[in-house]
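With TSV, C-alpha atoms inside, this is query_36.tsv:
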```
chain	number	residue	atom	x	y	z
A	1333	MET	CA	0.00	0.00	0.00
A	1334	SER	CA	2.79	2.43	0.86
A	1335	ALA	CA	4.67	1.31	-2.29
A	1336	ALA	CA	1.55	2.05	-4.39
A	1337	ALA	CA	1.15	5.47	-2.78
A	1338	ALA	CA	4.75	6.35	-3.58
A	1339	ALA	CA	4.45	5.12	-7.17
A	1340	PRO	CA	3.45	8.35	-8.98
A	1341	ALA	CA	6.70	10.10	-8.06
A	1342	VAL	CA	8.66	7.05	-9.20
A	1343	VAL	CA	6.90	7.07	-12.58
A	1344	ALA	CA	7.56	10.78	-12.94
A	1345	ALA	CA	11.22	10.21	-12.22
A	1346	ASP	CA	11.41	7.17	-14.51
A	1347	PHE	CA	10.15	9.02	-17.53
A	1348	GLY	CA	12.01	12.22	-16.83
A	1349	LEU	CA	9.09	14.45	-15.81
A	1350	ARG	CA	10.64	17.34	-13.89
A	1351	ALA	CA	7.77	17.95	-11.48
A	1352	PRO	CA	4.80	15.95	-10.21
A	1353	THR	CA	1.24	17.16	-10.87
A	1354	PRO	CA	0.12	19.45	-8.02
A	1355	PRO	CA	-2.34	17.84	-5.56
A	1356	ALA	CA	-4.75	20.75	-6.24
A	1357	TRP	CA	-5.08	19.62	-9.86
A	1358	PHE	CA	-6.23	16.15	-8.74
A	1359	GLU	CA	-8.77	17.76	-6.41
A	1360	ALA	CA	-10.10	19.96	-9.22
A	1361	ALA	CA	-10.30	16.93	-11.55
A	1362	ALA	CA	-12.40	14.94	-9.09
A	1363	GLY	CA	-14.85	17.85	-9.00
A	1364	SER	CA	-14.91	18.37	-12.80
A	1365	LEU	CA	-15.56	14.86	-14.05
A	1366	GLU	CA	-17.54	15.82	-17.15
A	1367	THR	CA	-14.95	18.38	-18.34
A	1368	LEU	CA	-12.15	15.91	-17.54
A	1369	LEU	CA	-13.75	13.16	-19.64
A	1370	VAL	CA	-14.68	15.39	-22.59
A	1371	ASP	CA	-11.19	16.85	-22.71
A	1372	HIS	CA	-9.73	13.38	-22.30
A	1373	ALA	CA	-11.71	12.19	-25.38
A	1374	ASN	CA	-10.29	15.16	-27.30
A	1375	CYS	CA	-6.77	14.31	-26.13
A	1376	GLU	CA	-7.06	10.73	-27.40
A	1377	LYS	CA	-8.23	12.00	-30.79
A	1378	LYS	CA	-5.41	14.54	-30.82
A	1379	ALA	CA	-2.86	11.89	-29.89
A	1380	ALA	CA	-3.95	9.75	-32.85
A	1381	SER	CA	-3.79	12.80	-35.11
A	1382	THR	CA	-0.29	13.72	-33.91
A	1383	ALA	CA	0.94	10.19	-34.57
A	1384	LEU	CA	-0.55	10.30	-38.08
A	1385	GLY	CA	1.12	13.68	-38.66
A	1386	LEU	CA	4.50	12.11	-37.86
A	1387	MET	CA	3.70	9.18	-40.19
A	1388	PHE	CA	3.08	11.66	-43.03
A	1389	ALA	CA	6.06	13.89	-42.24
A	1390	TYR	CA	8.54	10.98	-42.07
A	1391	ALA	CA	6.83	8.62	-44.50
A	1392	ASP	CA	9.92	6.68	-45.53
A	1393	ASP	CA	10.71	5.58	-41.97
A	1394	THR	CA	8.75	2.35	-41.84
A	1395	ARG	CA	9.72	1.50	-38.27
A	1396	LEU	CA	8.25	4.84	-37.16
A	1397	GLY	CA	5.23	4.34	-39.46
A	1398	LEU	CA	4.37	0.87	-38.22
A	1399	SER	CA	4.81	1.62	-34.53
A	1400	LEU	CA	2.93	4.93	-34.63
A	1401	ALA	CA	0.09	3.38	-36.67
A	1402	ARG	CA	-0.35	0.83	-33.88
A	1403	LEU	CA	-0.17	3.61	-31.27
A	1404	ALA	CA	-2.78	5.67	-33.18
A	1405	ARG	CA	-5.11	2.67	-33.31
A	1406	GLU	CA	-4.83	2.33	-29.57
A	1407	GLU	CA	-5.55	6.04	-29.00
A	1408	LEU	CA	-8.61	5.79	-31.25
A	1409	ARG	CA	-9.87	2.81	-29.27
A	1410	HIS	CA	-9.43	4.80	-26.06
A	1411	TYR	CA	-11.35	7.69	-27.63
A	1412	GLU	CA	-14.20	5.29	-28.39
A	1413	GLN	CA	-14.12	3.98	-24.82
A	1414	VAL	CA	-14.21	7.49	-23.32
A	1415	VAL	CA	-17.11	8.56	-25.57
A	1416	ARG	CA	-19.10	5.47	-24.52
A	1417	LEU	CA	-18.26	6.14	-20.87
A	1418	LEU	CA	-19.50	9.74	-21.20
A	1419	ASP	CA	-22.76	8.41	-22.60
A	1420	ALA	CA	-23.10	5.74	-19.90
A	1421	LEU	CA	-22.62	8.41	-17.20
A	1422	GLY	CA	-25.26	10.67	-18.76
A	1423	PHE	CA	-22.73	13.33	-19.80
A	1424	LYS	CA	-22.71	15.09	-23.14
A	1425	TYR	CA	-19.74	15.23	-25.51
A	1426	THR	CA	-19.84	18.95	-26.13
A	1427	ARG	CA	-17.24	21.19	-27.76
A	1428	LEU	CA	-14.49	22.30	-25.43
A	1429	SER	CA	-11.69	24.72	-26.25
A	1430	PRO	CA	-8.22	23.20	-25.86
A	1431	GLY	CA	-6.03	24.18	-22.92
A	1432	ARG	CA	-2.65	25.90	-23.25
A	1433	TYR	CA	-0.53	22.73	-22.83
A	1434	ALA	CA	-0.19	21.23	-26.33
A	1435	GLY	CA	-0.07	24.60	-28.08
A	1436	GLU	CA	2.69	25.90	-25.81
A	1437	LEU	CA	4.71	22.70	-26.20
A	1438	ARG	CA	4.32	23.05	-29.97
A	1439	ARG	CA	5.69	26.60	-29.77
A	1440	ALA	CA	8.83	25.21	-28.12
A	1441	LEU	CA	9.64	22.87	-31.04
A	1442	SER	CA	12.64	23.56	-33.27
A	1443	THR	CA	11.54	24.85	-36.67
A	1444	HIS	CA	14.31	23.16	-38.67
A	1445	GLU	CA	15.37	19.58	-39.29
A	1446	PRO	CA	16.89	17.36	-38.02
A	1447	ALA	CA	16.23	19.05	-34.65
A	1448	ARG	CA	12.46	19.31	-35.19
A	1449	ARG	CA	11.95	15.59	-35.64
A	1450	LEU	CA	13.81	14.83	-32.41
A	1451	ASP	CA	11.78	17.50	-30.60
A	1452	LEU	CA	8.48	16.04	-31.85
A	1453	LEU	CA	9.43	12.60	-30.53
A	1454	ILE	CA	10.62	13.97	-27.17
A	1455	VAL	CA	7.45	16.03	-26.75
A	1456	GLY	CA	5.41	12.94	-27.66
A	1457	ALA	CA	7.18	11.06	-24.86
A	1458	LEU	CA	6.62	13.88	-22.35
A	1459	ILE	CA	2.88	14.17	-23.09
A	1460	GLU	CA	2.41	10.41	-22.75
A	1461	ALA	CA	4.45	10.44	-19.52
A	1462	ARG	CA	2.30	13.22	-18.04
A	1463	SER	CA	-0.87	11.38	-19.07
A	1464	CYS	CA	0.45	8.22	-17.45
A	1465	GLU	CA	1.25	10.07	-14.21
A	1466	ARG	CA	-2.19	11.71	-14.13
A	1467	PHE	CA	-4.12	8.48	-14.86
A	1468	ARG	CA	-2.28	6.84	-12.00
A	1469	GLY	CA	-3.04	9.69	-9.63
A	1470	LEU	CA	-6.67	9.97	-10.80
A	1471	ALA	CA	-7.58	6.28	-10.60
A	1472	PRO	CA	-8.07	6.08	-6.80
A	1473	ARG	CA	-9.76	9.53	-6.61
A	1474	LEU	CA	-12.59	8.98	-9.12
A	1475	PRO	CA	-15.82	6.91	-9.07
A	1476	PRO	CA	-14.89	3.20	-9.51
A	1477	ARG	CA	-16.17	2.97	-13.08
A	1478	VAL	CA	-13.92	5.81	-14.24
A	1479	GLY	CA	-11.08	5.03	-11.85
A	1480	GLY	CA	-10.88	1.41	-13.02
A	1481	PHE	CA	-10.80	2.50	-16.64
A	1482	TYR	CA	-8.05	5.04	-15.91
A	1483	ALA	CA	-5.96	2.47	-14.05
A	1484	GLY	CA	-6.05	0.38	-17.24
A	1485	LEU	CA	-4.97	3.31	-19.40
A	1486	GLU	CA	-1.91	4.00	-17.27
A	1487	ALA	CA	-0.07	0.97	-18.66
A	1488	ALA	CA	-0.85	1.99	-22.25
A	1489	GLU	CA	0.53	5.48	-21.69
A	1490	ALA	CA	3.68	4.02	-20.15
A	1491	ARG	CA	4.18	1.88	-23.28
A	1492	HIS	CA	3.60	4.92	-25.50
A	1493	THR	CA	6.14	6.95	-23.53
A	1494	GLN	CA	8.69	4.20	-23.99
A	1495	LEU	CA	7.95	3.98	-27.71
A	1496	TYR	CA	8.47	7.72	-28.26
A	1497	LEU	CA	11.68	7.60	-26.22
A	1498	ASP	CA	12.95	4.64	-28.24
A	1499	LEU	CA	12.13	6.41	-31.51
A	1500	ALA	CA	13.82	9.59	-30.24
A	1501	ARG	CA	17.01	7.76	-29.20
A	1502	ASP	CA	17.07	5.74	-32.41
A	1503	TYR	CA	16.67	8.81	-34.59
A	1504	ALA	CA	19.15	10.89	-32.58
A	1505	ALA	CA	21.78	8.18	-33.03
A	1506	ARG	CA	21.21	8.10	-36.79
A	1507	ALA	CA	21.20	11.91	-37.10
A	1508	GLY	CA	24.17	12.43	-34.81
A	1509	LEU	CA	22.17	14.43	-32.27
A	1510	GLY	CA	22.29	14.32	-28.49
A	1511	VAL	CA	19.08	13.56	-26.62
A	1512	ALA	CA	19.76	14.38	-22.97
A	1513	ALA	CA	20.22	18.17	-23.08
A	1514	ARG	CA	17.23	18.78	-25.36
A	1515	PHE	CA	15.07	16.38	-23.36
A	1516	ASP	CA	15.96	18.36	-20.27
A	1517	GLU	CA	15.00	21.71	-21.87
A	1518	LEU	CA	11.66	20.43	-23.13
A	1519	ALA	CA	10.91	18.59	-19.88
A	1520	ARG	CA	11.42	21.86	-17.96
A	1521	ILE	CA	8.91	23.66	-20.20
A	1522	GLU	CA	6.48	20.74	-19.84
A	1523	SER	CA	6.75	20.77	-16.06
A	1524	LEU	CA	6.01	24.51	-15.91
A	1525	LEU	CA	2.89	24.05	-18.07
A	1526	ALA	CA	1.70	21.17	-15.87
A	1527	THR	CA	2.31	22.94	-12.54
A	1528	GLN	CA	2.08	26.73	-12.92
A	1529	PRO	CA	-1.27	28.50	-12.25
A	1530	ASP	CA	-3.67	27.92	-15.13
A	1531	PRO	CA	-7.07	29.63	-15.44
A	1532	VAL	CA	-8.61	26.81	-17.51
A	1533	PHE	CA	-9.06	23.29	-16.13
A	1534	ARG	CA	-8.19	20.58	-18.66
A	1535	PHE	CA	-6.62	17.10	-18.66
A	1536	HIS	CA	-3.14	18.61	-19.04
A	1537	SER	CA	-3.69	21.95	-17.30
A	1538	GLY	CA	-1.50	23.43	-14.57
A	1539	SER	CA	-2.32	24.28	-10.99
A	1540	PRO	CA	-5.94	25.52	-10.70
A	1541	ALA	CA	-5.70	29.33	-10.58
B	418	MET	CA	-16.78	-18.07	-62.97
B	419	SER	CA	-18.90	-15.93	-65.30
B	420	ALA	CA	-20.73	-14.54	-62.25
B	421	ALA	CA	-17.38	-13.59	-60.70
B	422	ALA	CA	-16.21	-11.95	-63.91
B	423	ALA	CA	-19.38	-9.88	-64.11
B	424	ALA	CA	-19.13	-8.87	-60.46
B	425	PRO	CA	-17.13	-5.60	-60.68
B	426	ALA	CA	-19.80	-3.88	-62.78
B	427	VAL	CA	-22.45	-5.00	-60.29
B	428	VAL	CA	-20.52	-3.50	-57.39
B	429	ALA	CA	-20.01	-0.30	-59.33
B	430	ALA	CA	-23.75	-0.08	-59.99
B	431	ASP	CA	-24.62	-0.96	-56.37
B	432	PHE	CA	-22.58	1.87	-54.92
B	433	GLY	CA	-23.48	4.40	-57.58
B	434	LEU	CA	-20.14	4.58	-59.43
B	435	ARG	CA	-20.96	6.05	-62.83
B	436	ALA	CA	-18.29	4.22	-64.84
B	437	PRO	CA	-16.18	1.09	-64.34
B	438	THR	CA	-12.39	1.31	-64.17
B	439	PRO	CA	-10.92	1.00	-67.70
B	440	PRO	CA	-9.30	-2.40	-68.43
B	441	ALA	CA	-6.09	-0.55	-69.38
B	442	TRP	CA	-5.75	0.69	-65.79
B	443	PHE	CA	-5.79	-2.91	-64.50
B	444	GLU	CA	-3.14	-3.86	-67.06
B	445	ALA	CA	-0.94	-0.93	-65.99
B	446	ALA	CA	-1.43	-1.86	-62.32
B	447	ALA	CA	-0.26	-5.43	-62.86
B	448	GLY	CA	2.92	-4.03	-64.40
B	449	SER	CA	3.51	-1.41	-61.69
B	450	LEU	CA	3.21	-3.48	-58.54
B	451	GLU	CA	5.70	-1.50	-56.44
B	452	THR	CA	4.11	1.87	-57.28
B	453	LEU	CA	0.64	0.39	-56.72
B	454	LEU	CA	1.54	-0.89	-53.27
B	455	VAL	CA	3.39	2.26	-52.14
B	456	ASP	CA	0.52	4.46	-53.27
B	457	HIS	CA	-1.93	2.05	-51.66
B	458	ALA	CA	-0.10	2.41	-48.33
B	459	ASN	CA	-0.36	6.19	-48.69
B	460	CYS	CA	-4.09	5.91	-49.47
B	461	GLU	CA	-4.74	3.89	-46.30
B	462	LYS	CA	-2.91	6.51	-44.23
B	463	LYS	CA	-4.84	9.27	-46.01
B	464	ALA	CA	-8.15	7.49	-45.44
B	465	ALA	CA	-7.43	7.34	-41.70
B	466	SER	CA	-6.45	11.01	-41.72
B	467	THR	CA	-9.63	12.02	-43.57
B	468	ALA	CA	-11.78	10.13	-41.07
B	469	LEU	CA	-9.97	11.87	-38.20
B	470	GLY	CA	-10.51	15.23	-39.91
B	471	LEU	CA	-14.26	14.57	-39.94
B	472	MET	CA	-14.14	13.55	-36.28
B	473	PHE	CA	-12.52	16.90	-35.41
B	474	ALA	CA	-14.78	18.98	-37.67
B	475	TYR	CA	-18.00	17.44	-36.33
B	476	ALA	CA	-16.84	16.63	-32.83
B	477	ASP	CA	-20.25	16.72	-31.16
B	478	ASP	CA	-21.69	14.00	-33.44
B	479	THR	CA	-20.81	10.93	-31.41
B	480	ARG	CA	-22.32	8.43	-33.85
B	481	LEU	CA	-20.05	9.84	-36.56
B	482	GLY	CA	-17.12	9.96	-34.14
B	483	LEU	CA	-17.44	6.36	-32.97
B	484	SER	CA	-18.02	4.86	-36.41
B	485	LEU	CA	-15.22	6.83	-38.10
B	486	ALA	CA	-12.79	6.04	-35.27
B	487	ARG	CA	-13.41	2.35	-35.95
B	488	LEU	CA	-13.01	2.92	-39.69
B	489	ALA	CA	-9.74	4.83	-39.12
B	490	ARG	CA	-8.40	1.97	-37.00
B	491	GLU	CA	-9.14	-0.43	-39.82
B	492	GLU	CA	-7.42	1.80	-42.40
B	493	LEU	CA	-4.37	2.04	-40.15
B	494	ARG	CA	-4.25	-1.74	-39.81
B	495	HIS	CA	-4.39	-2.04	-43.61
B	496	TYR	CA	-1.57	0.49	-43.88
B	497	GLU	CA	0.52	-1.70	-41.56
B	498	GLN	CA	-0.32	-4.78	-43.65
B	499	VAL	CA	0.67	-3.07	-46.91
B	500	VAL	CA	3.95	-1.80	-45.45
B	501	ARG	CA	4.81	-5.33	-44.25
B	502	LEU	CA	3.86	-6.75	-47.66
B	503	LEU	CA	6.13	-4.23	-49.39
B	504	ASP	CA	8.96	-5.35	-47.16
B	505	ALA	CA	8.22	-9.06	-47.71
B	506	LEU	CA	8.29	-8.53	-51.48
B	507	GLY	CA	11.63	-6.71	-51.31
B	508	PHE	CA	10.12	-3.34	-52.32
B	509	LYS	CA	10.99	-0.04	-50.70
B	510	TYR	CA	8.44	2.35	-49.19
B	511	THR	CA	9.72	5.48	-50.90
B	512	ARG	CA	8.09	8.90	-51.18
B	513	LEU	CA	5.55	9.17	-53.99
B	514	SER	CA	3.71	12.30	-55.07
B	515	PRO	CA	-0.08	11.97	-54.84
B	516	GLY	CA	-2.17	11.60	-57.99
B	517	ARG	CA	-4.83	14.06	-59.09
B	518	TYR	CA	-7.83	12.09	-57.77
B	519	ALA	CA	-8.24	13.13	-54.11
B	520	GLY	CA	-7.18	16.73	-54.73
B	521	GLU	CA	-9.65	17.19	-57.59
B	522	LEU	CA	-12.48	15.61	-55.58
B	523	ARG	CA	-11.60	17.99	-52.76
B	524	ARG	CA	-11.89	20.94	-55.13
B	525	ALA	CA	-15.46	19.84	-55.95
B	526	LEU	CA	-16.61	20.09	-52.31
B	527	SER	CA	-19.03	22.81	-51.27
B	528	THR	CA	-17.29	25.46	-49.21
B	529	HIS	CA	-20.22	26.22	-46.89
B	530	GLU	CA	-22.21	24.23	-44.37
B	531	PRO	CA	-24.46	22.26	-44.23
B	532	ALA	CA	-23.66	21.33	-47.85
B	533	ARG	CA	-19.96	20.72	-47.19
B	534	ARG	CA	-20.52	18.07	-44.56
B	535	LEU	CA	-22.84	16.14	-46.87
B	536	ASP	CA	-20.30	16.43	-49.70
B	537	LEU	CA	-17.48	15.13	-47.50
B	538	LEU	CA	-19.54	12.06	-46.60
B	539	ILE	CA	-20.60	11.43	-50.22
B	540	VAL	CA	-17.02	11.78	-51.46
B	541	GLY	CA	-15.91	9.41	-48.68
B	542	ALA	CA	-18.43	6.86	-49.98
B	543	LEU	CA	-17.30	7.31	-53.60
B	544	ILE	CA	-13.60	6.86	-52.80
B	545	GLU	CA	-14.31	3.71	-50.80
B	546	ALA	CA	-16.57	2.41	-53.61
B	547	ARG	CA	-13.85	2.96	-56.22
B	548	SER	CA	-11.27	1.27	-53.98
B	549	CYS	CA	-13.65	-1.67	-53.52
B	550	GLU	CA	-14.17	-2.00	-57.29
B	551	ARG	CA	-10.42	-1.83	-57.98
B	552	PHE	CA	-9.48	-4.37	-55.29
B	553	ARG	CA	-12.00	-6.76	-56.78
B	554	GLY	CA	-10.66	-6.26	-60.29
B	555	LEU	CA	-7.03	-6.44	-59.14
B	556	ALA	CA	-7.27	-9.58	-57.02
B	557	PRO	CA	-7.24	-12.14	-59.89
B	558	ARG	CA	-4.62	-10.18	-61.89
B	559	LEU	CA	-1.86	-9.93	-59.27
B	560	PRO	CA	0.58	-12.46	-57.77
B	561	PRO	CA	-1.37	-14.70	-55.32
B	562	ARG	CA	0.17	-13.13	-52.19
B	563	VAL	CA	-1.02	-9.64	-53.18
B	564	GLY	CA	-4.20	-10.81	-54.91
B	565	GLY	CA	-5.34	-12.76	-51.86
B	566	PHE	CA	-4.72	-9.75	-49.62
B	567	TYR	CA	-6.66	-7.49	-51.99
B	568	ALA	CA	-9.59	-9.90	-52.16
B	569	GLY	CA	-9.82	-9.59	-48.39
B	570	LEU	CA	-9.74	-5.77	-48.49
B	571	GLU	CA	-12.68	-5.63	-50.92
B	572	ALA	CA	-15.17	-6.52	-48.19
B	573	ALA	CA	-13.76	-3.85	-45.86
B	574	GLU	CA	-14.08	-1.15	-48.53
B	575	ALA	CA	-17.68	-2.24	-49.20
B	576	ARG	CA	-18.47	-1.82	-45.49
B	577	HIS	CA	-16.79	1.60	-45.46
B	578	THR	CA	-18.80	2.70	-48.51
B	579	GLN	CA	-21.98	1.66	-46.75
B	580	LEU	CA	-20.97	3.49	-43.58
B	581	TYR	CA	-20.29	6.77	-45.41
B	582	LEU	CA	-23.59	6.41	-47.30
B	583	ASP	CA	-25.47	5.79	-44.05
B	584	LEU	CA	-23.83	8.81	-42.41
B	585	ALA	CA	-24.63	10.94	-45.49
B	586	ARG	CA	-28.32	9.91	-45.56
B	587	ASP	CA	-28.63	10.30	-41.82
B	588	TYR	CA	-27.12	13.77	-41.86
B	589	ALA	CA	-29.08	14.88	-44.95
B	590	ALA	CA	-32.33	13.89	-43.24
B	591	ARG	CA	-31.43	15.91	-40.12
B	592	ALA	CA	-30.27	18.95	-42.15
B	593	GLY	CA	-33.19	18.85	-44.59
B	594	LEU	CA	-30.91	18.23	-47.60
B	595	GLY	CA	-31.47	15.94	-50.57
B	596	VAL	CA	-28.81	13.31	-51.28
B	597	ALA	CA	-29.58	11.95	-54.76
B	598	ALA	CA	-28.88	14.99	-56.98
B	599	ARG	CA	-25.65	15.91	-55.20
B	600	PHE	CA	-24.50	12.29	-55.15
B	601	ASP	CA	-25.05	12.19	-58.90
B	602	GLU	CA	-22.99	15.37	-59.49
B	603	LEU	CA	-20.07	14.16	-57.40
B	604	ALA	CA	-20.24	10.63	-58.85
B	605	ARG	CA	-19.92	12.08	-62.34
B	606	ILE	CA	-16.80	14.01	-61.37
B	607	GLU	CA	-15.40	10.90	-59.67
B	608	SER	CA	-16.01	8.75	-62.74
B	609	LEU	CA	-14.20	11.23	-64.99
B	610	LEU	CA	-11.17	11.24	-62.69
B	611	ALA	CA	-11.13	7.42	-62.62
B	612	THR	CA	-11.48	6.95	-66.37
B	613	GLN	CA	-10.10	9.94	-68.31
B	614	PRO	CA	-6.48	9.85	-69.53
B	615	ASP	CA	-4.08	10.43	-66.66
B	616	PRO	CA	-0.32	10.89	-67.09
B	617	VAL	CA	0.52	9.58	-63.60
B	618	PHE	CA	-0.23	5.99	-62.54
B	619	ARG	CA	-1.61	5.73	-59.02
B	620	PHE	CA	-4.14	3.59	-57.10
B	621	HIS	CA	-6.96	5.98	-58.06
B	622	SER	CA	-5.62	7.27	-61.39
B	623	GLY	CA	-7.53	7.40	-64.66
B	624	SER	CA	-6.86	5.63	-67.93
B	625	PRO	CA	-3.08	5.34	-68.54
B	626	ALA	CA	-2.20	8.20	-70.90
```
Serialized structure, structure tokens:
Amino acid sequence: MSAAAAAPAVVAADFGLRAPTPPAWFEAAAGSLETLLVDHANCEKKAASTALGLMFAYADDTRLGLSLARLAREELRHYEQVVRLLDALGFKYTRLSPGRYAGELRRALSTHEPARRLDLLIVGALIEARSCERFRGLAPRLPPRVGGFYAGLEAAEARHTQLYLDLARDYAARAGLGVAARFDELARIESLLATQPDPVFRFHSGSPA
Amino acid sequence: MSAAAAAPAVVAADFGLRAPTPPAWFEAAAGSLETLLVDHANCEKKAASTALGLMFAYADDTRLGLSLARLAREELRHYEQVVRLLDALGFKYTRLSPGRYAGELRRALSTHEPARRLDLLIVGALIEARSCERFRGLAPRLPPRVGGFYAGLEAAEARHTQLYLDLARDYAARAGLGVAARFDELARIESLLATQPDPVFRFHSGSPA
């Protein structure tokens, strides 16, 4: 039990997240279940779309193509599961503006190759790592039906993090780039977005303002 | 055997295609297997991306979202299968410029709603119908390993055609639009693109110029 309670910090450290999600975010999430689930459905759709974007941009890399196609299929299945869960809980899948997180991370990407491709893969890993950490923290705080579902998603996000990290390391080696320093820069930006005061509650938002 | 030979025209009529693929296209395809397969892989990726685009554009329509997410997963799985087949046959998945087909169909779309949404669904149905007709015609003309795979894809494309048609009719009824006249206009454009002389051989190209 004490090992399980300590686990989120370990995951954060494992995947290189620079700061854990603030406890106030988890409290806000438990009180905003409908918004959390609608935004979560959007995130799964966006994750599939991002993977497809990489498949188009780097079309001749079949290892990347095959592994991200499988990842996108999994994100789409999660989207379907979240939409059905919304319906089962009597919530409505309404339009919701995106939070600042993905857009700000996108602004931090290098604009030129080969640096951009490495950045995209590192940011992919960081987003999956944050999702993994939040699913783990959310699972025991939400109604059992949602919490159980989220506990199952945690493992998928961990696999996705590992895949993006593997692709990043593999590409960096081929392109003669270093990973560690750039990972550290992007992870610092990610941790600010996930922890600094944020006026809009979303799946990846910062500390409730 | 005679029933099987007559089948492509029946499928074309069933799904509203206005003209069958010219025999010369099938002959060119059999002689351009690597280009056919690479462009086919791109088409599967594009089909998944188009479905995702509709899911984003009409995010509050959960029936559309759930059914197109499933369709996109299937297209992605086909993409993976084609990429593995390319590798097994010793071909390379190189970059290939797109043909005129999808771009020209896109130019025919209405630019305003609610007409645009209906057009997107009708064009989705037409592209899937053409793919279905070509897989059926290709299956007996290609090496068994590819032909057998294509015979299996025919059924999937038929289901996808039906899904897009159902979504189009469903939406038209809700929006107070007619389907038949617009379907006819777009089907005529589609049939020209699939049959008129075309300098570039692709999965959806016209008659070899």
List every residue of chain B that has an atom at most 9 Å from any atom of chain A, giving for each one its closest atom pair and the distance in Å to one decimal, counting only C-alpha atoms, sorted by chain and then by ascending residue number, as a tab-separated table.
```
residue	atom	partner	partner_atom	distance
B:Asn459	CA	A:Phe1388	CA	8.6
B:Lys462	CA	A:Leu1384	CA	7.6
B:Lys463	CA	A:Phe1388	CA	8.8
B:Ala465	CA	A:Leu1384	CA	8.3
B:Ser466	CA	A:Leu1384	CA	7.0
B:Leu469	CA	A:Ser1381	CA	7.0
B:Gly470	CA	A:Ser1381	CA	8.6
B:Met472	CA	A:Lys1377	CA	8.2
B:Phe473	CA	A:Lys1377	CA	8.0
B:Ala476	CA	A:Arg1427	CA	6.8
B:Asp477	CA	A:Thr1426	CA	5.5
B:Asp478	CA	A:Tyr1425	CA	8.3
B:Thr479	CA	A:Val1415	CA	7.3
B:Gly482	CA	A:Glu1412	CA	8.0
B:Leu483	CA	A:Glu1412	CA	5.7
B:Ser484	CA	A:Glu1412	CA	8.9
B:Ala486	CA	A:Leu1408	CA	5.8
B:Arg487	CA	A:Leu1408	CA	7.5
B:Ala489	CA	A:Arg1405	CA	7.7
B:Arg490	CA	A:Arg1405	CA	5.0
B:Glu491	CA	A:Arg1405	CA	8.3
B:Leu493	CA	A:Ala1401	CA	5.8
B:Arg494	CA	A:Ala1401	CA	7.4
B:Tyr496	CA	A:Ala1401	CA	7.9
B:Glu497	CA	A:Leu1398	CA	5.7
B:Val500	CA	A:Thr1394	CA	7.3
B:Arg501	CA	A:Leu1398	CA	8.7
B:Lys509	CA	A:Asp1392	CA	8.5
B:Tyr510	CA	A:Asp1392	CA	5.9
B:Thr511	CA	A:Asp1392	CA	5.5
B:Arg512	CA	A:Asp1392	CA	6.3
```
Please report the interatomic distance between CA of Arg1477 (chain A) and CA of Glu1465 (chain A) in Å with one decimal.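 It comes out at 18.8 Å.
For the pair CA of Ala468 (chain B) and CA of Leu538 (chain B), the interatomic distance is 9.7 Å.
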Just to confirm, what's the straight-line distance from CA of Leu1525 (chain A) to CA of Thr1367 (chain A) in Å (one decimal)? 18.7 Å
Quick one: everything within 6 Å of region 1488-1498 of chain A, counting all atoms listed in the file, minus sequence neighbours fewer than 3 positions away in the same chain. Send it as JSON, numbers by chain. {"A": [1453, 1457, 1460, 1461, 1464, 1485, 1501, 1502]}
I want to know what sits within 10 Å of Gly1484 (chain A), based on all atoms listed in the file, with residues of the same chain fewer than 6 positions away left out; could you give that as an MDAnalysis selection string? chainID A and resid 1467:1468 1471
List every protein, DNA or RNA residue that has an atom no more than 10 Å from (-11.6, 17.6, -9.4) in the file's coordinate frame, counting only C-alpha atoms, and report them as a PDB file with C-alpha atoms, in the frame of the given file.
```pdb
ATOM      1  CA  ALA A1356      -4.750  20.750  -6.240  1.00  0.00           C
ATOM      2  CA  TRP A1357      -5.080  19.620  -9.860  1.00  0.00           C
ATOM      3  CA  PHE A1358      -6.230  16.150  -8.740  1.00  0.00           C
ATOM      4  CA  GLU A1359      -8.770  17.760  -6.410  1.00  0.00           C
ATOM      5  CA  ALA A1360     -10.100  19.960  -9.220  1.00  0.00           C
ATOM      6  CA  ALA A1361     -10.300  16.930 -11.550  1.00  0.00           C
ATOM      7  CA  ALA A1362     -12.400  14.940  -9.090  1.00  0.00           C
ATOM      8  CA  GLY A1363     -14.850  17.850  -9.000  1.00  0.00           C
ATOM      9  CA  SER A1364     -14.910  18.370 -12.800  1.00  0.00           C
ATOM     10  CA  LEU A1365     -15.560  14.860 -14.050  1.00  0.00           C
ATOM     11  CA  GLU A1366     -17.540  15.820 -17.150  1.00  0.00           C
ATOM     12  CA  THR A1367     -14.950  18.380 -18.340  1.00  0.00           C
ATOM     13  CA  LEU A1368     -12.150  15.910 -17.540  1.00  0.00           C
ATOM     14  CA  LEU A1470      -6.670   9.970 -10.800  1.00  0.00           C
ATOM     15  CA  ARG A1473      -9.760   9.530  -6.610  1.00  0.00           C
ATOM     16  CA  LEU A1474     -12.590   8.980  -9.120  1.00  0.00           C
ATOM     17  CA  PHE A1533      -9.060  23.290 -16.130  1.00  0.00           C
ATOM     18  CA  PRO A1540      -5.940  25.520 -10.700  1.00  0.00           C
TER      19      PRO A1540
END
```
